[in-house]
Amino acid sequence: MKRIAIIGASTGQLPLCKKAHEMGLESYCFAWPKDAICKEYVDHFIPISIFEMDEIVRYCQEINVDGVVSNASETTALVVAYVAEKLGKQATSYQAILNIQNKEFVRQKTNGIEGLGHVRFTVGKLNDIIPTFPYPYVLKPLKGASKKGVNFVSGIKSCITVPDDLKDGLFMAEEYISGQEYSIESISFNDRHDIIQITEKVTTGAPHFVELEHHQPAHLSPSIEKKIIPPILSSVNFSNGASHIEIKVNDQGDVYLIEVNPRGGGDYISNDLVSLSTDYDYLKQMILVALGEYNPVAVHHVAYAGIYFLSAYTKRLLPYFNIPLANWMVRRERKTGELTVSSSNYDRDGFIIYCSDKKIVL
């Protein structure tokens, strides 16, 4: 029986733990024990913090694991790369993941890709950037995720809100690009990049661009999928694993990169939506990449799937939490209390996941 190391034990890793069990693998989950919801779903829960990377390496060497994996988390992606590299297992290199998590590096490497629009940007401290970069622009932490700390700056009187834990770090200002937002869900193995699904995104727009809806499948020009996305991944040396690339396409069909994420899409995209909208077992393939056993398979669209997030922006969804579960509803959850005026993707009060033979519009 092959052994798989799973990094992290939060809700994002739970589907991966269940998939490893379904595949007949012996699973070892590494995480701090507090709130480790995955520990009941793996063969062995190892109470080592994911930040003690060398200790995880030592333990994995002793038990001779065959692969290291995680999903939907920037933090665990970095740990997977470090541990796998030390063990000589299949993964994108640790340095490559570090580089990809630096937005300046990604801009520098991708701004010259043929067919991809060039985006002007600068990097520096908040007080240095804010008065100098041409309006309008988007301000974002140089390292970060889930739209935390992202602001739209339209002019000198724009209200900029940044969490205290980010204020002293470096920020990037980049010219604002209008258009429809998409994400591309991919999987890579030994520098081959396979596009699995396209997600259409609906956001609040300015000032924080919080994501409100995701829908699959979305449709892009084949030239975008085949001629632009693989070169993006190759340019940043992403070679193995799931990835989540966010782009914008304007009314003229011009394509602009938002960011590259070296992990499967969060917000239930990789853990739920891809398996609902296609016949492709995304989580299984992630594990096969980690084991060095991946073989490309055809992907077929089988349904429409999506998610609606509840917040103060989407209070129209409230009635759908008070009716009997409809046949198109896969799952729904709601927090109690006042609805949140979201400023990042962490600020949600519930969600509805759907699957149907047509796109569900709420």
# chains A, B, ... in the order shown; residues from 1 in each chain; ligands from 1

call {"tool": "closest_atom_pairs", "arguments": {"of": "segment 257-347 of chain A", "to": "segment 77-85 of chain A", "cutoff": "12 Å", "atoms": "only C-alpha atoms", "output": "tab-separated table"}}
result
residue	atom	partner	partner_atom	distance
A:Asn261	CA	A:Ala77	CA	9.6
A:Pro262	CA	A:Ala77	CA	6.9
A:Arg263	CA	A:Ala77	CA	6.4
A:Gly264	CA	A:Ala77	CA	9.5
A:Gly265	CA	A:Ala77	CA	12.0
A:Val289	CA	A:Ala84	CA	11.8
A:Ala290	CA	A:Ala84	CA	8.6
A:Leu291	CA	A:Ala84	CA	10.4
A:Gly292	CA	A:Ala84	CA	11.5

call {"tool": "write_last_selection", "arguments": {"atoms": "all heavy atoms", "output": "PDB file, in the first residue's frame"}}
result
ATOM      1  N   ASN A 261      -1.932  31.254  -9.001  1.00  0.00           N
ATOM      2  CA  ASN A 261      -1.986  30.603  -7.698  1.00  0.00           C
ATOM      3  C   ASN A 261      -1.499  29.165  -7.839  1.00  0.00           C
ATOM      4  O   ASN A 261      -2.097  28.388  -8.595  1.00  0.00           O
ATOM      5  CB  ASN A 261      -3.413  30.621  -7.150  1.00  0.00           C
ATOM      6  CG  ASN A 261      -3.920  32.034  -6.949  1.00  0.00           C
ATOM      7  OD1 ASN A 261      -3.534  32.720  -6.016  1.00  0.00           O
ATOM      8  ND2 ASN A 261      -4.782  32.491  -7.851  1.00  0.00           N
ATOM      9  N   PRO A 262      -0.446  28.787  -7.112  1.00  0.00           N
ATOM     10  CA  PRO A 262       0.149  27.456  -7.282  1.00  0.00           C
ATOM     11  C   PRO A 262      -0.552  26.385  -6.459  1.00  0.00           C
ATOM     12  O   PRO A 262       0.070  25.635  -5.709  1.00  0.00           O
ATOM     13  CB  PRO A 262       1.592  27.673  -6.805  1.00  0.00           C
ATOM     14  CG  PRO A 262       1.458  28.702  -5.727  1.00  0.00           C
ATOM     15  CD  PRO A 262       0.346  29.618  -6.183  1.00  0.00           C
ATOM     16  N   ARG A 263      -1.866  26.300  -6.611  1.00  0.00           N
ATOM     17  CA  ARG A 263      -2.688  25.326  -5.885  1.00  0.00           C
ATOM     18  C   ARG A 263      -4.056  25.288  -6.551  1.00  0.00           C
ATOM     19  O   ARG A 263      -4.407  26.150  -7.352  1.00  0.00           O
ATOM     20  CB  ARG A 263      -2.819  25.702  -4.403  1.00  0.00           C
ATOM     21  CG  ARG A 263      -2.980  27.192  -4.090  1.00  0.00           C
ATOM     22  CD  ARG A 263      -4.386  27.693  -4.260  1.00  0.00           C
ATOM     23  NE  ARG A 263      -4.549  29.105  -3.927  1.00  0.00           N
ATOM     24  CZ  ARG A 263      -5.616  29.808  -4.193  1.00  0.00           C
ATOM     25  NH1 ARG A 263      -6.640  29.243  -4.829  1.00  0.00           N
ATOM     26  NH2 ARG A 263      -5.728  31.076  -3.879  1.00  0.00           N
ATOM     27  N   GLY A 264      -4.842  24.277  -6.204  1.00  0.00           N
ATOM     28  CA  GLY A 264      -6.197  24.221  -6.732  1.00  0.00           C
ATOM     29  C   GLY A 264      -7.015  25.403  -6.240  1.00  0.00           C
ATOM     30  O   GLY A 264      -6.753  25.970  -5.168  1.00  0.00           O
ATOM     31  N   GLY A 265      -8.012  25.812  -7.016  1.00  0.00           N
ATOM     32  CA  GLY A 265      -8.838  26.963  -6.661  1.00  0.00           C
ATOM     33  C   GLY A 265      -9.572  26.775  -5.357  1.00  0.00           C
ATOM     34  O   GLY A 265     -10.127  25.704  -5.086  1.00  0.00           O
ATOM     35  N   VAL A 289      -0.395  12.973  -9.349  1.00  0.00           N
ATOM     36  CA  VAL A 289       0.775  13.799  -9.651  1.00  0.00           C
ATOM     37  C   VAL A 289       1.798  13.664  -8.530  1.00  0.00           C
ATOM     38  O   VAL A 289       2.989  13.456  -8.761  1.00  0.00           O
ATOM     39  CB  VAL A 289       0.382  15.278  -9.853  1.00  0.00           C
ATOM     40  CG1 VAL A 289       1.629  16.163  -9.866  1.00  0.00           C
ATOM     41  CG2 VAL A 289      -0.391  15.460 -11.152  1.00  0.00           C
ATOM     42  N   ALA A 290       1.329  13.780  -7.283  1.00  0.00           N
ATOM     43  CA  ALA A 290       2.235  13.694  -6.127  1.00  0.00           C
ATOM     44  C   ALA A 290       2.934  12.347  -6.051  1.00  0.00           C
ATOM     45  O   ALA A 290       4.087  12.252  -5.611  1.00  0.00           O
ATOM     46  CB  ALA A 290       1.455  13.954  -4.839  1.00  0.00           C
ATOM     47  N   LEU A 291       2.254  11.295  -6.503  1.00  0.00           N
ATOM     48  CA  LEU A 291       2.829   9.948  -6.490  1.00  0.00           C
ATOM     49  C   LEU A 291       3.689   9.676  -7.720  1.00  0.00           C
ATOM     50  O   LEU A 291       4.325   8.619  -7.820  1.00  0.00           O
ATOM     51  CB  LEU A 291       1.708   8.905  -6.419  1.00  0.00           C
ATOM     52  CG  LEU A 291       0.860   8.889  -5.145  1.00  0.00           C
ATOM     53  CD1 LEU A 291      -0.300   7.906  -5.300  1.00  0.00           C
ATOM     54  CD2 LEU A 291       1.704   8.543  -3.918  1.00  0.00           C
ATOM     55  N   GLY A 292       3.691  10.608  -8.672  1.00  0.00           N
ATOM     56  CA  GLY A 292       4.438  10.414  -9.910  1.00  0.00           C
ATOM     57  C   GLY A 292       3.761   9.464 -10.866  1.00  0.00           C
ATOM     58  O   GLY A 292       4.416   8.865 -11.737  1.00  0.00           O
TER      59      GLY A 292
END

call {"tool": "select_by_dssp", "arguments": {"residues": "segment 43-270 of chain A", "states": "alpha helix (DSSP H)", "output": "PyMOL selection string"}}
result
chain A and resi 53-63+74-87+94-100+103-110+126-129+222-227+229-235

call {"tool": "atom_distance", "arguments": {"atom1": "atom CA of Gly337 of chain A", "atom2": "atom CA of Pro33 of chain A"}}
result
28.7 Å

call {"tool": "residues_around", "arguments": {"residues": "segment 53-68 of chain A", "least_positions_apart": "3", "cutoff": "12 Å", "atoms": "only C-alpha atoms", "output": "number ranges by chain"}}
result
A: 1-8, 16, 20, 25-32, 44, 46-50, 71, 75-92, 94, 240-241, 286-293

call {"tool": "residues_around", "arguments": {"residues": "Ile113 of chain A", "least_positions_apart": "3", "cutoff": "12 Å", "atoms": "only C-alpha atoms", "output": "PyMOL selection string"}}
result
chain A and resi 106-110+116-119+224+227-236+255-257

call {"tool": "write_last_selection", "arguments": {"atoms": "C-alpha atoms", "output": "tab-separated table (two decimals), in the first residue's frame"}}
result
chain	number	residue	atom	x	y	z
A	106	VAL	CA	4.98	36.95	-11.71
A	107	ARG	CA	4.43	40.30	-13.45
A	108	GLN	CA	8.04	40.46	-14.55
A	109	LYS	CA	7.98	36.93	-15.96
A	110	THR	CA	4.60	37.14	-17.72
A	116	LEU	CA	-1.18	38.58	-23.02
A	117	GLY	CA	-1.80	42.26	-22.38
A	118	HIS	CA	1.00	44.22	-20.72
A	119	VAL	CA	0.11	45.62	-17.28
A	224	ILE	CA	-6.45	31.66	-24.89
A	227	LYS	CA	-1.52	29.60	-26.45
A	228	ILE	CA	-1.54	31.75	-23.32
A	229	ILE	CA	-2.20	29.63	-20.22
A	230	PRO	CA	0.59	27.01	-20.63
A	231	PRO	CA	3.22	29.71	-21.32
A	232	ILE	CA	2.14	31.53	-18.14
A	233	LEU	CA	2.78	28.43	-16.05
A	234	SER	CA	6.04	27.64	-17.82
A	235	SER	CA	7.30	31.21	-17.44
A	236	VAL	CA	7.07	30.98	-13.63
A	255	VAL	CA	-6.47	39.04	-22.12
A	256	TYR	CA	-4.79	40.28	-18.94
A	257	LEU	CA	-3.33	38.23	-16.13

call {"tool": "select_by_dssp", "arguments": {"residues": "segment 6-191 of chain A", "states": "strand (DSSP E or B)", "output": "MDAnalysis selection string"}}
result
chainID A and resid 6:7 26:30 44:46 67:69 116 121:124 137:141 151:153 171:175 180:189

call {"tool": "closest_residue", "arguments": {"among": "A:Ser275, A:Ser343, A:Ser356, A:Gln285", "to": "Val162 of chain A", "atoms": "only C-alpha atoms"}}
result
A:Ser343

call {"tool": "residues_around", "arguments": {"residues": "Asp168 of chain A", "least_positions_apart": "3", "cutoff": "9 Å", "atoms": "only C-alpha atoms", "output": "ChimeraX atom specification"}}
result
/A:125-126,164-165
